[in-house]
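Undergrad: Here you go, one structure.
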Amino acid sequence: MKIHSCGSVKRIAIVLTFSLFSLTHYGQLWLDLDSGFRCGPHFSYVYQLLGDNENKTITACGLLPSHNCEEYYVPAIWDGSDWTKIGEIGDVYGVFNPIGKYGNSLYAGSRYFGNDKTPFLQFTNHGWDSVSTDMKLFDFGSFTELNGELYGTVLSYYTIGGDSANLAFKYDGNQVQPLVDFFSENARGHCLTLYHDTLFVGGRFWDDQRNINHFASIYDGDIHQAGQGFGIEANVMSMIVYDDKLWLGGDFYPGSFGNSEHVHLVYYDGHAIYPAPHQTNGRVVSMEVYENELYLAGWFSEIDGLESHGVAKLNQFGSFTLNPDTIYNSYDTPASVWPNVVRDIEIMNDTLYIAGEFRRIGSCDHLNSIAKLNMSLTGKSIPLQSNFIIYPNPTLGELVLKTNSYFNQSAPIRMYDSSGRLVLEDTWLLGERQKRISLSSFSNGAYILQLETNGEKLSRTIIKE
């Protein structure tokens, strides 16, 4: 920090401008997609989102009432202006979930598709039809395309050709193959992914003899212990690879890592499982990686003690809040105390989407079950909420600059006296959220603090007493 000498300065009232690449919300923070899914008193919910960057569409599944009160049980697709349901299925009242893209086709699960049909479904130009004739299954957990094949998890046991199996399977476009011969009616597979060329599955399952609790690797037709495992009371609900680690979101009860409180985000480095250094105060149920940042969604209202309702992100600089507005369900219960309100997160064309079982966000009551952030994730609008502060002001000697977001490039700081003379130069470094400046050697009076980044400037009057 460079301080330029100066004489005494009289206290002067200064009128200033305040602008810094969207330090304030430009209108509503969240935008609707054709008012989402709701019709009068009808409740709606979205289980899952699939974004298509190339075609600029997004697909949703769940219970999706349209504006004319027609209830979509099949998925619906958003083309930028309207929602259109995908296919007709007649008198079926069970929603399709999950959904997944494999090749050029859309796949889904629905246990209510029909008594003479199996519930693993593919959409073709002719509509929905069963993929496998020998697969008897109750509920799917997720679909994921990995290495040119479609992988899936299940929430209850199923049979393929009369052979009992559960937790996970794969489909190569012709045949469904069970991956785990692990039979238990109580086992639930929620998510799976590849990490270091090995398939991992997470959910709610256990094998006491092998100390396998809710997280395991899959190979040779069986599950295997990964790391030290979790305690009996845990639930892995989402997994993703980020920063060469496998991150797991969910609910890990006190005692899992010697903690006295619940942990909701952990990571596995190929050897052991560790609690993440940044924690939400509720479950993490969906994660996405975008531009070297990890985005989180779930049932929480804080991250690291900072207010962030249902959405947050992590990067090399720490944790950051994304949504200061409370999310409410149809009974105006906050998401932080009502499960399932935020179910999924999707990033498409530099835009963040959230979905779940909500009726409004903040005071906006037309964000039914789905909403999108009103600013790009990688543009000049780096801070996503308006809580940039400078304190104390007036100050006796030290000034603190703080934001709950961060700067994506170094930002020069300059201070001028009332005559316009430069008296201090400093730099707010890349990724910092807090900056301290000493004014102890300054004479009492009024100064102008100026911060510049991305070609734009913030100016504020500072009083030294």
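Chain lettering (A, B, ...) mirrors the order of the structure tokens, residue numbering begins at 1 for each chain separately, and ligand numbering begins at 1 in order of display.
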Write out, as a tab-separated table, each residue of segment 221-247 of chain A that has an atom at most 12 Å from segment 308-329 of chain A, together with the closest pair of atoms and their distance in Å to one decimal, counting only C-alpha atoms, rows going by chain and rising number.
TA:
```
residue	atom	partner	partner_atom	distance
A:Tyr242	CA	A:Asn315	CA	9.7
A:Asp243	CA	A:Asn315	CA	9.2
A:Trp247	CA	A:Leu314	CA	11.6
```
Undergrad: Looking only at strand (DSSP E) from DSSP on the backbone, list the matching residues of segment 332-460 of chain A as a PyMOL selection string.
TA: chain A and resi 342-348+351-356+360-361+370-373+389-391+398-402+411-416+422-428+434-438+445-453+456-460
Undergrad: Using only C-alpha atoms, which of the listed residues (A:Ile462, A:Ile86, A:His224, A:Gly189) sits closest to Glu398 of chain A?
TA: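 Among A:Ile462, A:Ile86, A:His224, A:Gly189, it is A:Ile462 that comes nearest to Glu398 of chain A.
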Undergrad: Calculate how many Å separate atom CA of Tyr416 of chain A from atom CA of Ser443 of chain A, rounding to one decimal.
TA: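 Calculated distance between atom CA of Tyr416 of chain A and atom CA of Ser443 of chain A is 12.5 Å.
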Undergrad: Nearest residue to Phe113 of chain A out of A:Tyr72, A:Phe96, A:Tyr331, A:Phe257, using only C-alpha atoms?
TA: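 Among the listed residues, the smallest separation from Phe113 of chain A belongs to A:Phe96.
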Undergrad: Check segment 177-399 of chain A with DSSP on the backbone and list each residue it calls helix (DSSP H, G or I), as a PyMOL selection string.
TA: chain A and resi 208-210+335-337
Undergrad: Keeping only N, CA and C atoms, write the selected residues as a PDB file, in the first residue's frame.
TA:
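Below is the file that was written, selection-v8.pdb:
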```pdb
ATOM      1  N   ASP A 208     -23.066 -54.266   6.795  1.00  0.00           N
ATOM      2  CA  ASP A 208     -22.353 -54.196   8.064  1.00  0.00           C
ATOM      3  C   ASP A 208     -21.091 -55.050   8.073  1.00  0.00           C
ATOM      4  N   GLN A 209     -21.132 -56.196   7.416  1.00  0.00           N
ATOM      5  CA  GLN A 209     -19.975 -57.085   7.436  1.00  0.00           C
ATOM      6  C   GLN A 209     -18.759 -56.461   6.766  1.00  0.00           C
ATOM      7  N   ARG A 210     -18.996 -55.664   5.734  1.00  0.00           N
ATOM      8  CA  ARG A 210     -17.877 -55.042   5.012  1.00  0.00           C
ATOM      9  C   ARG A 210     -17.720 -53.555   5.340  1.00  0.00           C
ATOM     10  N   ALA A 335     -37.877 -22.534   2.588  1.00  0.00           N
ATOM     11  CA  ALA A 335     -37.188 -23.728   2.105  1.00  0.00           C
ATOM     12  C   ALA A 335     -36.270 -24.317   3.169  1.00  0.00           C
ATOM     13  N   SER A 336     -35.750 -23.476   4.060  1.00  0.00           N
ATOM     14  CA  SER A 336     -34.797 -23.958   5.052  1.00  0.00           C
ATOM     15  C   SER A 336     -35.433 -24.903   6.058  1.00  0.00           C
ATOM     16  N   VAL A 337     -36.765 -24.900   6.181  1.00  0.00           N
ATOM     17  CA  VAL A 337     -37.426 -25.788   7.140  1.00  0.00           C
ATOM     18  C   VAL A 337     -38.373 -26.763   6.466  1.00  0.00           C
TER      19      VAL A 337
END
```
Undergrad: Pick out the residues sitting within 6 Å of segment 259-264 of chain A, and hand them over as a list of chain:residue names; count only C-alpha atoms, and ignore anything fewer than 3 positions along from it in its own chain.
TA: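 The filter keeps A:Gly249, A:Gly250, A:Asp251, A:Phe252, A:Tyr253, A:Pro254, A:Gly255, A:Arg283.
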Undergrad: Atoms to include: C-alpha atoms. Write the selected residues as a PDB file, in the first residue's frame.
TA:
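So selection_10.pdb came out as:
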```
ATOM      1  CA  GLY A 249     -23.783 -33.853  -0.901  1.00  0.00           C
ATOM      2  CA  GLY A 250     -26.483 -35.016   1.461  1.00  0.00           C
ATOM      3  CA  ASP A 251     -26.870 -35.430   5.183  1.00  0.00           C
ATOM      4  CA  PHE A 252     -24.112 -36.909   7.350  1.00  0.00           C
ATOM      5  CA  TYR A 253     -25.132 -37.205  10.973  1.00  0.00           C
ATOM      6  CA  PRO A 254     -23.103 -35.990  13.983  1.00  0.00           C
ATOM      7  CA  GLY A 255     -20.241 -38.337  14.733  1.00  0.00           C
ATOM      8  CA  ARG A 283     -28.854 -30.856   2.732  1.00  0.00           C
TER       9      ARG A 283
END
```
Undergrad: Using only C-alpha atoms, which residue out of A:Gln175, A:Thr378, A:Ser132, A:Ser301 lies closest to Val341 of chain A?
TA: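 The shortest atom-to-atom distance to Val341 of chain A comes from A:Ser301.
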Undergrad: For Asn393 of chain A, list every protein, DNA or RNA residue within 12 Å, evaluated using only C-alpha atoms, and leave out those in the same chain fewer than 3 positions away; present the list as a list in words.
TA: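 Contacts, with the query itself left out: Ile389, Ile390, Leu396, Gly397, Glu398, Leu399, Val400, Leu401, Leu439, Gly445, Ala446, Tyr447, Ile448, Leu449, Arg460, Thr461, Ile462, Ile463, Lys464 and Glu465 of chain A.
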Undergrad: Dump C-alpha atoms for the selected residues as a short mmCIF file (atom, residue, chain, number, x, y, z; two decimals), in the first residue's frame?
TA:
```
data_model
loop_
_atom_site.label_atom_id
_atom_site.label_comp_id
_atom_site.auth_asym_id
_atom_site.auth_seq_id
_atom_site.Cartn_x
_atom_site.Cartn_y
_atom_site.Cartn_z
CA ILE A 389 -20.04 -2.60 2.46
CA ILE A 390 -17.36 -0.25 3.81
CA LEU A 396 -10.87 6.40 13.80
CA GLY A 397 -8.12 4.65 11.89
CA GLU A 398 -8.97 1.37 10.12
CA LEU A 399 -11.31 0.91 7.16
CA VAL A 400 -12.76 -2.50 6.17
CA LEU A 401 -14.02 -3.20 2.63
CA LEU A 439 -5.87 5.50 7.87
CA GLY A 445 -11.50 15.07 7.50
CA ALA A 446 -13.30 13.83 4.38
CA TYR A 447 -11.75 11.71 1.65
CA ILE A 448 -12.97 10.00 -1.50
CA LEU A 449 -12.28 6.27 -1.82
CA ARG A 460 -17.59 6.72 -1.69
CA THR A 461 -16.97 9.48 0.87
CA ILE A 462 -14.93 8.35 3.87
CA ILE A 463 -14.75 10.41 7.07
CA LYS A 464 -11.62 10.16 9.25
CA GLU A 465 -12.16 11.34 12.83
#
```
Undergrad: Which of these residues is nearest to Gly51 of chain A, using only C-alpha atoms: A:Ser217, A:Thr144, A:Thr333, A:Thr351?
TA: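 Smallest separation from Gly51 of chain A among the options: A:Thr351.
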Undergrad: In Å, with one decimal, what is the gap from atom CA of Ser44 of chain A to atom CA of Leu63 of chain A?
TA: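 Going from atom CA of Ser44 of chain A over to atom CA of Leu63 of chain A covers 5.3 Å.
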Undergrad: Rank nothing, just name the residue among A:Ile77, A:Asn174, A:Ala168, A:Met237 nearest to Gly202 of chain A, using only C-alpha atoms.
TA: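 The shortest atom-to-atom distance to Gly202 of chain A comes from A:Met237.
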Undergrad: Calculate how many Å separate atom CA of Asn68 of chain A from atom CA of Tyr47 of chain A, rounding to one decimal.
TA: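 The value is 21.3 Å.
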Undergrad: For segment 361-374 of chain A, list every protein, DNA or RNA residue within 6 Å, evaluated using only C-alpha atoms, and leave out those in the same chain fewer than 3 positions away; present the list as a ChimeraX atom specification.
TA: /A:29-32,35-37,45-46,325-327,352-358
